[in-house]
Structure formats: structure tokens, C-alpha cells
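Next comes model-v2.cif, with mmCIF, C-alpha atoms.
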```
data_query
#
loop_
_atom_site.label_atom_id
_atom_site.label_comp_id
_atom_site.auth_asym_id
_atom_site.auth_seq_id
_atom_site.Cartn_x
_atom_site.Cartn_y
_atom_site.Cartn_z
CA MET A 152 22.33 18.43 4.30
CA ASN A 153 22.76 19.24 0.60
CA ALA A 154 19.55 20.81 -0.76
CA ASN A 155 20.16 19.32 -4.23
CA VAL A 156 20.37 15.81 -2.78
CA LEU A 157 17.19 16.34 -0.76
CA GLU A 158 15.35 17.49 -3.87
CA LYS A 159 16.50 14.34 -5.68
CA LEU A 160 15.38 12.28 -2.70
CA LYS A 161 11.92 13.82 -2.82
CA ILE A 162 11.53 12.84 -6.49
CA LEU A 163 12.98 9.33 -6.12
CA ALA A 164 11.07 8.45 -2.96
CA GLU A 165 7.84 9.44 -4.73
CA SER A 166 8.81 7.25 -7.70
CA ALA A 167 9.45 4.26 -5.41
CA LYS A 168 6.12 4.29 -3.58
CA TYR A 169 4.33 1.87 -5.93
CA ASP A 170 6.64 -1.04 -5.09
CA VAL A 171 5.09 -2.80 -2.08
CA SER A 172 7.56 -5.69 -1.83
CA CYS A 173 9.63 -3.98 0.82
CA ALA A 174 8.73 -5.61 4.12
CA SER A 175 11.58 -7.47 5.78
CA SER A 176 11.76 -10.58 7.88
CA GLY A 177 13.73 -13.72 8.40
CA THR A 178 17.13 -12.29 9.24
CA VAL A 179 18.78 -11.69 12.60
CA ARG A 180 21.99 -9.71 12.92
CA ALA A 181 22.73 -7.96 16.18
CA ASN A 182 24.85 -4.88 16.64
CA LYS A 183 28.56 -5.64 17.17
CA PRO A 184 31.46 -3.50 18.34
CA GLY A 185 32.88 -1.55 15.42
CA THR A 186 29.72 -1.85 13.30
CA LEU A 187 26.78 0.47 12.73
CA GLY A 188 23.15 -0.66 13.09
CA ASN A 189 21.36 -3.99 13.32
CA THR A 190 18.36 -5.76 11.82
CA VAL A 191 16.19 -5.29 14.92
CA GLY A 192 15.89 -8.84 16.15
CA GLY A 193 14.00 -11.35 14.08
CA TRP A 194 11.74 -8.82 12.43
CA GLY A 195 14.29 -6.75 10.56
CA ILE A 196 13.23 -3.44 9.12
CA CYS A 197 9.87 -2.82 7.46
CA HIS A 198 7.00 -0.39 7.02
CA SER A 199 5.13 -2.07 9.81
CA PHE A 200 5.12 -2.60 13.55
CA ALA A 201 7.52 -4.76 15.53
CA GLU A 202 6.42 -7.35 18.05
CA ASP A 203 6.71 -4.76 20.83
CA GLY A 204 4.42 -2.36 18.93
CA ARG A 205 7.24 -0.09 17.81
CA CYS A 206 6.95 1.42 14.33
CA ILE A 207 9.93 0.51 12.14
CA SER A 208 11.04 2.57 9.16
CA LEU A 209 13.43 2.24 6.27
CA LEU A 210 14.61 4.48 3.49
CA LYS A 211 12.64 3.38 0.42
CA VAL A 212 14.11 5.06 -2.61
CA MET A 213 15.15 4.55 -6.22
CA LEU A 214 18.68 5.08 -7.40
CA THR A 215 17.21 6.69 -10.52
CA ASN A 216 13.76 7.02 -12.07
CA TYR A 217 15.14 7.27 -15.58
CA CYS A 218 14.32 4.05 -17.45
CA ILE A 219 14.96 2.60 -20.89
CA TYR A 220 11.71 0.61 -20.73
CA ASP A 221 8.23 1.88 -21.58
CA CYS A 222 6.02 -0.41 -19.47
CA ALA A 223 2.39 0.73 -19.75
CA TYR A 224 1.61 0.33 -16.01
CA CYS A 225 4.69 2.12 -14.66
CA ILE A 226 4.77 5.77 -13.59
CA ASN A 227 8.47 5.90 -14.48
CA ARG A 228 8.02 4.64 -18.04
CA ARG A 229 10.30 6.19 -20.65
CA SER A 230 7.55 8.14 -22.44
CA ASN A 231 6.17 9.87 -19.33
CA ASP A 232 6.92 13.54 -18.84
CA LEU A 233 7.76 13.78 -15.13
CA PRO A 234 10.60 15.12 -12.97
CA ARG A 235 13.62 12.84 -13.27
CA ALA A 236 16.56 12.46 -10.92
CA THR A 237 19.56 10.23 -10.27
CA LEU A 238 21.51 9.81 -7.06
CA SER A 239 25.17 8.94 -7.34
CA VAL A 240 26.40 5.95 -5.36
CA SER A 241 28.22 8.18 -2.87
CA GLU A 242 25.18 10.47 -2.44
CA LEU A 243 22.90 7.54 -1.64
CA VAL A 244 25.40 5.95 0.74
CA ASP A 245 25.94 9.24 2.59
CA LEU A 246 22.19 9.85 2.71
CA THR A 247 21.53 6.43 4.23
CA ILE A 248 24.21 6.87 6.90
CA GLU A 249 23.11 10.42 7.68
CA PHE A 250 19.46 9.38 8.05
CA TYR A 251 20.46 6.44 10.20
CA ARG A 252 22.57 8.59 12.51
CA ARG A 253 19.63 10.97 12.91
CA ASN A 254 17.41 8.01 13.78
CA TYR A 255 15.11 8.66 10.81
CA ILE A 256 15.54 5.12 9.45
CA GLU A 257 16.83 1.72 10.40
CA GLY A 258 17.53 0.26 6.98
CA LEU A 259 17.38 0.65 3.21
CA PHE A 260 15.09 -0.59 0.46
CA LEU A 261 16.72 0.25 -2.85
CA SER A 262 15.31 -0.16 -6.34
CA SER A 263 15.99 1.58 -9.63
CA GLY A 264 14.83 2.28 -13.12
CA VAL A 265 16.95 0.54 -15.76
CA VAL A 266 19.52 2.82 -17.37
CA ARG A 267 21.81 1.80 -20.27
CA ASN A 268 21.31 -1.92 -19.58
CA PRO A 269 20.41 -4.26 -16.68
CA ASP A 270 24.03 -5.00 -15.75
CA TYR A 271 25.04 -1.34 -15.59
CA THR A 272 22.12 -0.59 -13.26
CA MET A 273 22.67 -3.69 -11.13
CA GLU A 274 26.35 -2.89 -10.72
CA ARG A 275 25.48 0.52 -9.25
CA LEU A 276 22.97 -1.00 -6.82
CA VAL A 277 25.60 -3.49 -5.67
CA ARG A 278 28.14 -0.71 -5.15
CA VAL A 279 25.75 1.08 -2.79
CA ALA A 280 25.33 -2.04 -0.64
CA LYS A 281 29.05 -2.85 -0.78
CA ASP A 282 30.09 0.64 0.32
CA LEU A 283 27.56 0.62 3.16
CA ARG A 284 28.83 -2.73 4.42
CA GLU A 285 32.58 -2.47 3.83
CA VAL A 286 33.35 1.25 4.00
CA HIS A 287 30.85 2.39 6.64
CA ARG A 288 30.48 -0.96 8.42
CA PHE A 289 26.70 -0.58 8.23
CA ASN A 290 25.11 -3.60 9.88
CA GLY A 291 21.43 -2.70 9.39
CA TYR A 292 18.89 -4.16 7.01
CA ILE A 293 19.40 -3.84 3.24
CA HIS A 294 16.85 -4.96 0.65
CA LEU A 295 18.02 -4.71 -2.95
CA LYS A 296 15.89 -4.98 -6.05
CA SER A 297 17.54 -7.36 -8.48
CA ILE A 298 17.22 -6.06 -12.03
CA PRO A 299 15.61 -8.56 -14.48
CA GLY A 300 18.21 -9.58 -17.04
CA ALA A 301 21.20 -8.87 -14.77
CA SER A 302 24.12 -11.29 -14.93
CA ARG A 303 24.59 -14.11 -12.46
CA GLU A 304 27.88 -12.63 -11.21
CA LEU A 305 26.23 -9.36 -10.17
CA VAL A 306 23.27 -11.11 -8.54
CA ASN A 307 25.71 -13.30 -6.60
CA GLU A 308 27.64 -10.24 -5.46
CA ALA A 309 24.42 -8.50 -4.41
CA GLY A 310 23.52 -11.49 -2.25
CA ARG A 311 26.75 -11.11 -0.28
CA TYR A 312 25.77 -7.63 0.91
CA ALA A 313 21.95 -7.58 0.95
CA ASP A 314 19.65 -9.22 3.51
CA ARG A 315 16.92 -9.75 0.96
CA LEU A 316 16.77 -9.63 -2.83
CA SER A 317 13.58 -9.27 -4.82
CA VAL A 318 12.68 -9.63 -8.49
CA ASN A 319 9.17 -8.55 -9.46
CA VAL A 320 7.07 -10.78 -11.72
CA GLU A 321 4.67 -7.83 -12.19
CA ILE A 322 2.22 -9.50 -14.62
CA PRO A 323 1.36 -13.17 -13.96
CA LYS A 324 0.88 -14.27 -17.58
CA GLU A 325 3.63 -13.94 -20.17
CA GLU A 326 1.26 -12.88 -22.98
CA ASN A 327 -0.15 -10.05 -20.89
CA LEU A 328 3.32 -8.94 -19.83
CA LYS A 329 4.27 -8.79 -23.51
CA LEU A 330 1.18 -6.69 -24.20
CA LEU A 331 1.97 -4.06 -21.56
CA ALA A 332 5.76 -4.35 -21.44
CA PRO A 333 7.00 -5.57 -24.85
CA GLU A 334 10.66 -5.20 -23.84
CA LYS A 335 10.30 -7.64 -20.91
CA ASP A 336 9.69 -11.36 -20.57
CA HIS A 337 9.34 -13.87 -17.75
CA LYS A 338 12.66 -15.51 -18.60
CA SER A 339 14.55 -12.39 -17.54
CA VAL A 340 12.62 -12.43 -14.22
CA PHE A 341 12.90 -16.12 -13.37
CA ALA A 342 16.61 -16.33 -14.21
CA PRO A 343 17.78 -14.03 -11.36
CA MET A 344 15.23 -15.74 -9.07
CA LEU A 345 17.06 -19.00 -9.76
CA TYR A 346 20.46 -17.36 -9.18
CA ILE A 347 19.28 -16.11 -5.79
CA GLN A 348 17.89 -19.53 -4.86
CA GLN A 349 21.13 -21.27 -5.80
CA GLY A 350 23.19 -18.69 -3.91
CA VAL A 351 21.14 -19.13 -0.72
CA LEU A 352 21.28 -22.94 -0.88
CA GLU A 353 25.03 -22.99 -1.59
CA SER A 354 25.63 -20.59 1.30
CA SER A 355 23.58 -22.80 3.60
CA GLU A 356 25.69 -25.83 2.70
CA GLU A 357 28.92 -23.89 3.23
CA ARG A 358 27.81 -22.75 6.67
CA LYS A 359 27.21 -26.35 7.70
CA LYS A 360 30.92 -27.02 7.06
CA PHE A 361 32.36 -23.62 8.01
CA ARG A 362 30.63 -21.80 10.84
CA TYR A 363 31.75 -18.32 9.81
CA ALA A 364 31.20 -18.67 6.06
CA PRO A 365 29.49 -15.54 4.67
CA ARG A 366 25.71 -15.64 4.42
CA PHE A 367 23.94 -15.07 1.10
CA ALA A 368 20.70 -13.04 1.24
CA PRO A 369 19.79 -14.49 4.66
CA ALA A 370 16.20 -13.16 4.45
CA GLY A 371 15.63 -14.93 1.12
CA GLN A 372 13.77 -13.33 -1.74
CA SER A 373 10.38 -11.82 -2.51
CA THR A 374 8.39 -10.75 -5.55
CA GLN A 375 5.37 -8.67 -6.48
CA MET A 376 2.42 -9.05 -8.85
CA ILE A 377 0.17 -6.26 -10.08
CA VAL A 378 -3.53 -7.05 -9.58
CA GLY A 379 -6.15 -5.67 -11.95
CA ALA A 380 -3.99 -4.26 -14.75
CA THR A 381 -4.70 -7.31 -16.92
CA ALA A 382 -7.43 -9.94 -17.17
CA GLU A 383 -5.87 -12.71 -15.05
CA SER A 384 -8.22 -14.43 -12.64
CA ASP A 385 -7.38 -14.96 -8.99
CA LYS A 386 -6.80 -18.59 -9.95
CA ASP A 387 -4.03 -17.55 -12.37
CA ILE A 388 -2.40 -15.37 -9.73
CA LEU A 389 -2.59 -17.86 -6.86
CA PHE A 390 -1.42 -20.83 -8.91
CA LEU A 391 1.69 -18.85 -9.85
CA SER A 392 2.17 -17.84 -6.21
CA SER A 393 1.84 -21.47 -5.13
CA ALA A 394 4.49 -22.49 -7.67
CA LEU A 395 6.83 -19.75 -6.43
CA TYR A 396 6.37 -20.86 -2.82
CA GLN A 397 7.61 -24.31 -3.81
CA ARG A 398 11.01 -22.68 -4.16
CA PRO A 399 12.79 -22.97 -0.79
CA THR A 400 14.01 -19.37 -0.74
CA MET A 401 10.79 -17.55 -1.71
CA LYS A 402 9.60 -15.82 1.46
CA ARG A 403 6.80 -13.52 0.28
CA VAL A 404 4.69 -12.84 -2.76
CA TYR A 405 3.20 -9.35 -2.61
CA TYR A 406 0.00 -8.29 -4.41
CA SER A 407 -0.34 -4.70 -5.51
CA GLY A 408 -3.74 -3.41 -6.61
CA TYR A 409 -3.26 -1.61 -9.93
CA VAL A 410 -3.12 2.15 -9.54
CA SER A 411 -4.25 3.95 -12.68
CA VAL A 412 -1.27 6.26 -13.18
CA ASN A 413 -1.18 6.29 -16.99
CA THR A 414 -4.82 6.89 -17.89
CA TYR A 415 -3.98 7.84 -21.47
CA ASP A 416 -2.81 4.31 -22.36
CA THR A 417 -5.73 2.41 -23.90
CA ARG A 418 -4.16 -0.97 -23.12
CA LEU A 419 -4.91 -0.38 -19.45
CA PRO A 420 -8.28 -0.62 -17.66
CA ALA A 421 -9.94 2.64 -16.62
CA LEU A 422 -10.17 2.10 -12.85
CA LYS A 423 -11.45 4.87 -10.60
CA GLN A 424 -9.64 3.34 -7.63
CA PRO A 425 -7.29 0.38 -7.04
CA PRO A 426 -8.96 -3.03 -6.44
CA LEU A 427 -8.09 -2.96 -2.73
CA VAL A 428 -10.69 -5.51 -1.58
CA ARG A 429 -9.45 -8.01 -4.17
CA GLU A 430 -5.87 -7.30 -3.10
CA ASN A 431 -6.83 -8.01 0.52
CA ARG A 432 -8.56 -11.28 -0.41
CA LEU A 433 -5.43 -12.42 -2.27
CA TYR A 434 -3.33 -11.76 0.82
CA GLN A 435 -5.81 -13.79 2.89
CA ALA A 436 -5.65 -16.65 0.39
CA ASP A 437 -1.86 -16.41 0.39
CA TRP A 438 -1.95 -16.71 4.19
CA LEU A 439 -4.08 -19.87 3.91
CA MET A 440 -1.48 -21.47 1.64
CA ARG A 441 1.47 -20.49 3.82
CA PHE A 442 0.15 -21.08 7.34
CA TYR A 443 -3.14 -23.00 7.20
CA GLN A 444 -2.09 -25.97 5.06
CA PHE A 445 -4.55 -25.21 2.25
CA LYS A 446 -3.70 -26.31 -1.27
CA VAL A 447 -4.22 -23.69 -3.94
CA ASN A 448 -6.85 -25.79 -5.77
CA GLU A 449 -8.93 -25.86 -2.58
CA ILE A 450 -9.13 -22.06 -2.59
CA VAL A 451 -9.64 -21.47 -6.33
CA ASP A 452 -10.41 -23.82 -9.20
CA ASP A 453 -12.15 -23.86 -12.57
CA THR A 454 -15.58 -23.64 -10.91
CA TYR A 455 -14.52 -20.77 -8.60
CA PRO A 456 -11.68 -18.98 -10.46
CA ASP A 457 -12.10 -15.75 -8.46
CA LEU A 458 -12.20 -15.12 -4.74
CA ASP A 459 -15.44 -13.99 -3.11
CA LEU A 460 -15.10 -10.26 -2.43
CA GLU A 461 -17.81 -10.26 0.26
CA ILE A 462 -16.37 -12.91 2.58
CA ASP A 463 -12.86 -14.13 3.34
CA PRO A 464 -11.47 -17.20 1.47
CA LYS A 465 -11.50 -19.49 4.51
CA LEU A 466 -15.18 -18.86 5.21
CA SER A 467 -15.92 -19.20 1.50
CA TRP A 468 -14.24 -22.63 1.44
CA ALA A 469 -16.15 -23.74 4.54
CA LEU A 470 -19.50 -22.72 3.06
CA ARG A 471 -18.70 -24.62 -0.14
CA HIS A 472 -17.83 -27.75 1.86
CA PRO A 473 -20.50 -28.11 4.58
CA GLU A 474 -19.89 -31.88 4.54
CA GLN A 475 -16.60 -31.26 6.39
CA PHE A 476 -18.46 -29.76 9.36
CA PRO A 477 -19.24 -29.55 12.21
CA VAL A 478 -15.79 -30.18 13.72
CA ASP A 479 -15.64 -31.58 17.25
CA ILE A 480 -13.24 -29.20 18.95
CA ASN A 481 -12.45 -31.72 21.68
CA LYS A 482 -11.53 -34.54 19.29
CA ALA A 483 -10.51 -33.17 15.86
CA ASP A 484 -6.88 -33.05 14.79
CA TYR A 485 -4.92 -29.82 14.46
CA GLU A 486 -5.17 -29.70 10.64
CA MET A 487 -8.97 -29.81 10.70
CA ILE A 488 -9.28 -27.30 13.52
CA LEU A 489 -7.19 -24.90 11.43
CA ARG A 490 -9.87 -25.02 8.73
CA VAL A 491 -12.63 -23.74 10.98
CA PRO A 492 -13.52 -20.09 10.19
CA GLY A 493 -12.67 -17.89 13.15
CA ILE A 494 -9.80 -20.08 14.41
CA GLY A 495 -6.24 -18.93 13.74
CA VAL A 496 -2.93 -20.73 14.08
CA LYS A 497 -2.33 -19.50 17.64
CA SER A 498 -5.87 -20.40 18.75
CA ALA A 499 -5.63 -23.85 17.16
CA LYS A 500 -2.43 -24.60 19.06
CA LEU A 501 -3.98 -23.40 22.32
CA ILE A 502 -7.03 -25.63 21.74
CA ILE A 503 -4.81 -28.70 21.25
CA ALA A 504 -2.86 -27.88 24.42
CA SER A 505 -5.88 -26.94 26.58
CA ARG A 506 -8.13 -29.90 25.82
CA ARG A 507 -5.61 -32.27 27.39
CA TYR A 508 -6.77 -31.03 30.78
CA SER A 509 -10.51 -30.54 30.32
CA LYS A 510 -13.25 -30.41 27.73
CA LEU A 511 -13.59 -27.06 26.02
CA GLY A 512 -16.86 -25.19 25.79
CA TYR A 513 -18.14 -21.98 24.23
CA TYR A 514 -16.73 -19.64 26.85
CA GLN A 515 -13.32 -21.36 27.07
CA LEU A 516 -12.94 -21.04 23.29
CA LYS A 517 -13.84 -17.38 23.48
CA LYS A 518 -11.14 -16.82 26.13
CA ILE A 519 -8.61 -18.63 23.97
CA GLY A 520 -9.24 -16.09 21.21
CA VAL A 521 -11.54 -17.94 18.83
CA VAL A 522 -13.86 -15.63 16.87
CA MET A 523 -17.04 -17.36 17.95
CA LYS A 524 -19.22 -15.20 15.72
CA LYS A 525 -17.86 -17.28 12.82
CA ALA A 526 -16.71 -20.49 14.44
CA GLN A 527 -19.98 -21.31 16.24
CA TYR A 528 -21.63 -22.48 13.01
CA PHE A 529 -18.84 -24.94 12.18
CA ILE A 530 -17.99 -26.66 15.48
CA THR A 531 -19.43 -28.77 18.23
CA CYS A 532 -18.32 -28.48 21.84
CA SER A 533 -19.77 -28.22 25.34
CA GLU A 534 -22.54 -25.66 25.84
CA LEU A 535 -22.69 -24.50 22.21
CA PRO A 536 -25.87 -22.39 21.89
CA MET A 537 -26.01 -22.10 18.08
CA ARG A 538 -27.10 -24.50 15.37
CA THR A 539 -24.37 -25.62 12.95
CA VAL A 540 -24.06 -25.01 9.22
CA ASN A 541 -25.72 -28.34 8.44
CA GLU A 542 -28.65 -27.71 10.75
CA MET A 543 -29.17 -24.41 8.97
CA THR A 544 -27.89 -23.95 5.38
CA PRO A 545 -24.66 -22.48 3.98
CA GLN A 546 -26.71 -19.67 2.42
CA THR A 547 -28.27 -18.79 5.80
CA VAL A 548 -24.88 -18.78 7.54
CA ARG A 549 -23.42 -16.65 4.76
CA SER A 550 -26.18 -14.06 5.13
CA LEU A 551 -25.64 -13.95 8.89
CA LEU A 552 -21.88 -13.40 8.51
CA LEU A 553 -21.94 -10.87 5.67
CA PRO A 554 -20.61 -7.42 6.62
CA LYS A 555 -23.35 -4.81 7.09
CA SER A 556 -22.49 -3.00 3.85
CA ALA A 557 -22.71 -6.24 1.86
CA LYS A 558 -25.99 -7.18 3.57
CA LYS A 559 -27.47 -3.80 2.69
CA LYS A 560 -26.41 -4.20 -0.94
CA ALA A 561 -27.86 -7.73 -1.08
CA ASP A 562 -31.16 -6.50 0.40
CA GLU A 563 -31.31 -3.67 -2.15
CA ASN A 564 -30.69 -6.12 -5.00
CA GLN A 565 -33.43 -8.40 -3.66
CA LEU A 566 -35.92 -5.52 -3.43
CA SER A 567 -35.00 -4.43 -6.94
CA PHE A 568 -35.57 -7.98 -8.22
CA VAL A 569 -38.98 -8.21 -6.50
CA PHE A 570 -40.05 -4.78 -7.81
CA ASN A 571 -38.99 -5.54 -11.37
CA ASP A 572 -40.68 -8.94 -11.22
#
```

Now, as a test, write the supplied structure out as C-alpha cells.
Amino acid sequence: MNANVLEKLKILAESAKYDVSCASSGTVRANKPGTLGNTVGGWGICHSFAEDGRCISLLKVMLTNYCIYDCAYCINRRSNDLPRATLSVSELVDLTIEFYRRNYIEGLFLSSGVVRNPDYTMERLVRVAKDLREVHRFNGYIHLKSIPGASRELVNEAGRYADRLSVNVEIPKEENLKLLAPEKDHKSVFAPMLYIQQGVLESSEERKKFRYAPRFAPAGQSTQMIVGATAESDKDILFLSSALYQRPTMKRVYYSGYVSVNTYDTRLPALKQPPLVRENRLYQADWLMRFYQFKVNEIVDDTYPDLDLEIDPKLSWALRHPEQFPVDINKADYEMILRVPGIGVKSAKLIIASRRYSKLGYYQLKKIGVVMKKAQYFITCSELPMRTVNEMTPQTVRSLLLPKSAKKKADENQLSFVFND
């Protein structure tokens, strides 16, 4: 393999690592005679593990890390002095096919810095996907980054070849985006999002009439927000996420803890490490909105604008609403069972199915998969040995369920308070 291309790949793969919106799901395309690759069942290709436990990989790379923009939070900003490289369309296509044939990868996640203008860059990204599909008959997973400000025609063409398209919001509030990236605005981000949505919906209608009509971005779209680079609260972030999920084609919102890569820029916070705990709590809250039927204003509001970093959002909600508990596992409806800390979607469905045949007790729930360490304070059932949250207090239950590190910190703070008093 060409050493010059591999050197470019090393630079461009390193430049692409900060974009986390690259997991794939929601598309199924099996291998066919005369084609190359597939999307690996219903899971597609991602930096994760498949249902059978197999690790799945994709080539995550930028077409170029040159960029006309000077966004404060970006490692590839125009003013940074770092190694730059650009892969030609043919080099990237050949690289993808070569890596696939060697079984290094099963798909492609392609993004790019913006060179010349958004349309010029987008046209090159589309050519990569088009050549893979039409010249090499590549049938594997392709995720393309849609460039903010690109024309509708190019976004529509990209959707004909890519499984998923993504456009990154990056900063939740327009005024903060303008502060850190003066050359960008939310209009240029939301416009291609709308183009993608319209393309997917139109394709869906066409396929109802014509069975073999081409599919448009069958895995929908995703986006990413940077957490901690600006002063937005978790409420600001999650309300925007909730609004985006109202769009029928938005599959995932990703949250990326801000990595302090440009420490010299005084507009940015001086963080020693990314806010990973906060990032994790946002993903948990996102999960509650998507799968647990929580409304965003139940998770965060004006009184609680930020998520509790010590406990997960579901437990936090339960402790704030002790009047909703305890829940009778043998009588409550599915929606209420879902709100019990320690009970997931799968466990809730098993509870509904199992209680038709007999009453459920502590040990049956444990076998089903309920995390009784949490759930026992919020439910009633046969043979439940613990007192509930209302027989104790929310504060007592919280202290019992705090992780050891958080308990130790709380104890130290209490000792410090007593000593100083």
C-alpha cells in the first residue's frame, strides 16, 4: 500500500477522532451476488459490539483537515499549526476497498474540514460515496457528514448513497456558537437537517407505491453537541435534544465532553479533563426520553436545570417525587413500572408477562433482572424485606445508594462542616 497515502491516513484519522457521532443503526442491507459487503444485519457498522458480542469496526477518517473556519473548540481550526493532509477521492475509495478486502473494516464514516466553500467540500464527499456504490459495488455501511451550508441538491444526492447522514449542532445556543465560531450559525446547520428529513420522508412515500424505489439515508440522521465548552445548562442541552427528537428522522443525538485542545484561546474554559461524568448523565437522560417515556421537563426544569452528577437521572427523579411510590409490581401499569429505578425496558416487559401467571416476589424480580439494590425502596411485592422510600426518607435512600466514592466525599464534607462549626 502506498506509504504516502498511509501517512495521510494517519494524520486524517487522528483529526477525526473528536467526532463521536459515528455509531450506526437502523439499516439492514444483506450481501447480494455481484456486490461487496453488507451492513451486518440490523446493527450496521459502529465502534461498538454487535448483538453476538462481535466487535465491529469502520474506517473513521476525514477527507481533509484543512479548513476555512477558525472555530475555537476545533483541533483543525484554520489558525492551528498542525500537520495537514488531503486524500483525493480515488485515494479514499481505494483505501476503503483495500481495508475492507483485508477485513480491517466493515464500513466508512467520512467527514471533512471545509475547503473553498461548503458545496465544494460536500461534492467531494458525495463523489466518494458514489464511486464506492456505483463503481466498486460496495454494499457496506456508509455514514457521511453533511457540511453545514451545503446546497439541497448535494444533500439529496448524498442521501442516495449514504446509509446515514449527520449534521453537527456543536453548540446548543446560537449566541455561544457565534462567540466560538463567528463564521457559523444554526441556520446553516438546521437547513441540511430539514433537507435530510424531507428526503427520507419522500423516499418512504415512494417506496409505498414502488417497491424497488431507491432508499434515502435509510438509517436516518444524527447530530452531536459539545458539552462543557460553553455555559449552557443540562436543561438547555436536553430541551434542544427533545426538540430534535420530534423530527421523525432524527435517530441519535450524541454528547461529546469538551476536550481542551486549544488551551491558548481565552474564550474557552480551562478544563484539566473532559466532563465525562456529565456526558454520561446526559446520555442516561437521553435514554429516558427515548425509551422510558419521560418528558424532558420531568428530568430537568428551572428548579433543577442540571443533572445530579452523583446519581443517575431516573433515581434523581424518583427521589424528587416520593409521592409516586411505592409502585405495586403486581398491579401497576407498564408506564409506571418503567419509572422505578433499577427496572429497565426488558425487565418491565418481563414483569408484565410473568405476573399473568403468578404473583411476583423479591426473588422472582431478581431472576427477571431487576436491580433490587435500587428498586426495593420504590416497590411493593410479595416478601419484600426492605422499607420503602416513604417509610424512610428520600435523603436516607439517596445516602444508601450513593457510590462509595461519593459517600466518602459526602462524609468528608460533613466532618469538615462539623470541625469548622

Evaluate the PyMOL selection byres ((chain A and resi 345) around 12) here and jot the selected residues down as a PyMOL selection string. chain A and resi 297+299-300+302-303+306-307+316-318+338-344+346-352+371-372+395+398-401

Using the chain letters and numbers from the file, which residues does the PyMOL selection byres ((chain A and resi 412) around 9) grab, as a short mmCIF file (atom, residue, chain, number, x, y, z; two decimals) with C-alpha atoms, in the coordinates of the input?
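Output file expr19.cif is given in full below:
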```
data_model
loop_
_atom_site.label_atom_id
_atom_site.label_comp_id
_atom_site.auth_asym_id
_atom_site.auth_seq_id
_atom_site.Cartn_x
_atom_site.Cartn_y
_atom_site.Cartn_z
CA TYR A 224 1.61 0.33 -16.01
CA CYS A 225 4.69 2.12 -14.66
CA ILE A 226 4.77 5.77 -13.59
CA TYR A 409 -3.26 -1.61 -9.93
CA VAL A 410 -3.12 2.15 -9.54
CA SER A 411 -4.25 3.95 -12.68
CA ASN A 413 -1.18 6.29 -16.99
CA THR A 414 -4.82 6.89 -17.89
CA TYR A 415 -3.98 7.84 -21.47
#
```

Proximity to Pro473 (chain A) - best of A:Val521, A:Leu157, A:Leu422, A:Met543, only C-alpha atoms: A:Met543

Radius query 10 Å about (-10.3, -5.6, -3.5), atoms used: only C-alpha atoms, as a VMD selection string: chain A and resid 378 to 379 408 424 to 433 458 to 461

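The residues returned by the PyMOL selection byres ((chain A and resi 374) around 9) for this structure are A:Ser172, A:Leu316, A:Ser317, A:Val318, A:Asn319, A:Val320, A:Glu321, A:Gln372, A:Ser373, A:Gln375, A:Met376, A:Met401, A:Lys402, A:Arg403, A:Val404, A:Tyr405, A:Tyr406.
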
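Every protein or nucleic acid residue with an atom no more than 12 Å from Leu439 (chain A), counting all atoms listed in the file and leaving out same-chain residues fewer than 6 positions away, appears here: Leu389, Ser393, Arg432, Leu433, Phe445, Lys446, Val447, Asn448, Glu449, Ile450, Val451, Asp463, Pro464, Lys465, Leu466, Trp468, Glu486, Leu489, Arg490, Val491, Pro492, Ile494, Gly495 and Val496 of chain A.
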
Around the point (12.6, 6.3, -7.1) in the file's coordinates, collect all residues with an atom within 10 Å, using all atoms listed in the file, and return them as JSON, numbers by chain. {"A": [159, 160, 161, 162, 163, 164, 165, 166, 167, 168, 169, 170, 211, 212, 213, 214, 215, 216, 217, 227, 235, 236, 237, 238, 261, 262, 263, 264]}

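A straight line drawn from CA of Leu516 (chain A) to CA of Lys500 (chain A) is 11.9 Å long.
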
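For the pair CA of Asp314 (chain A) and CA of Arg284 (chain A), the separation is 11.3 Å.
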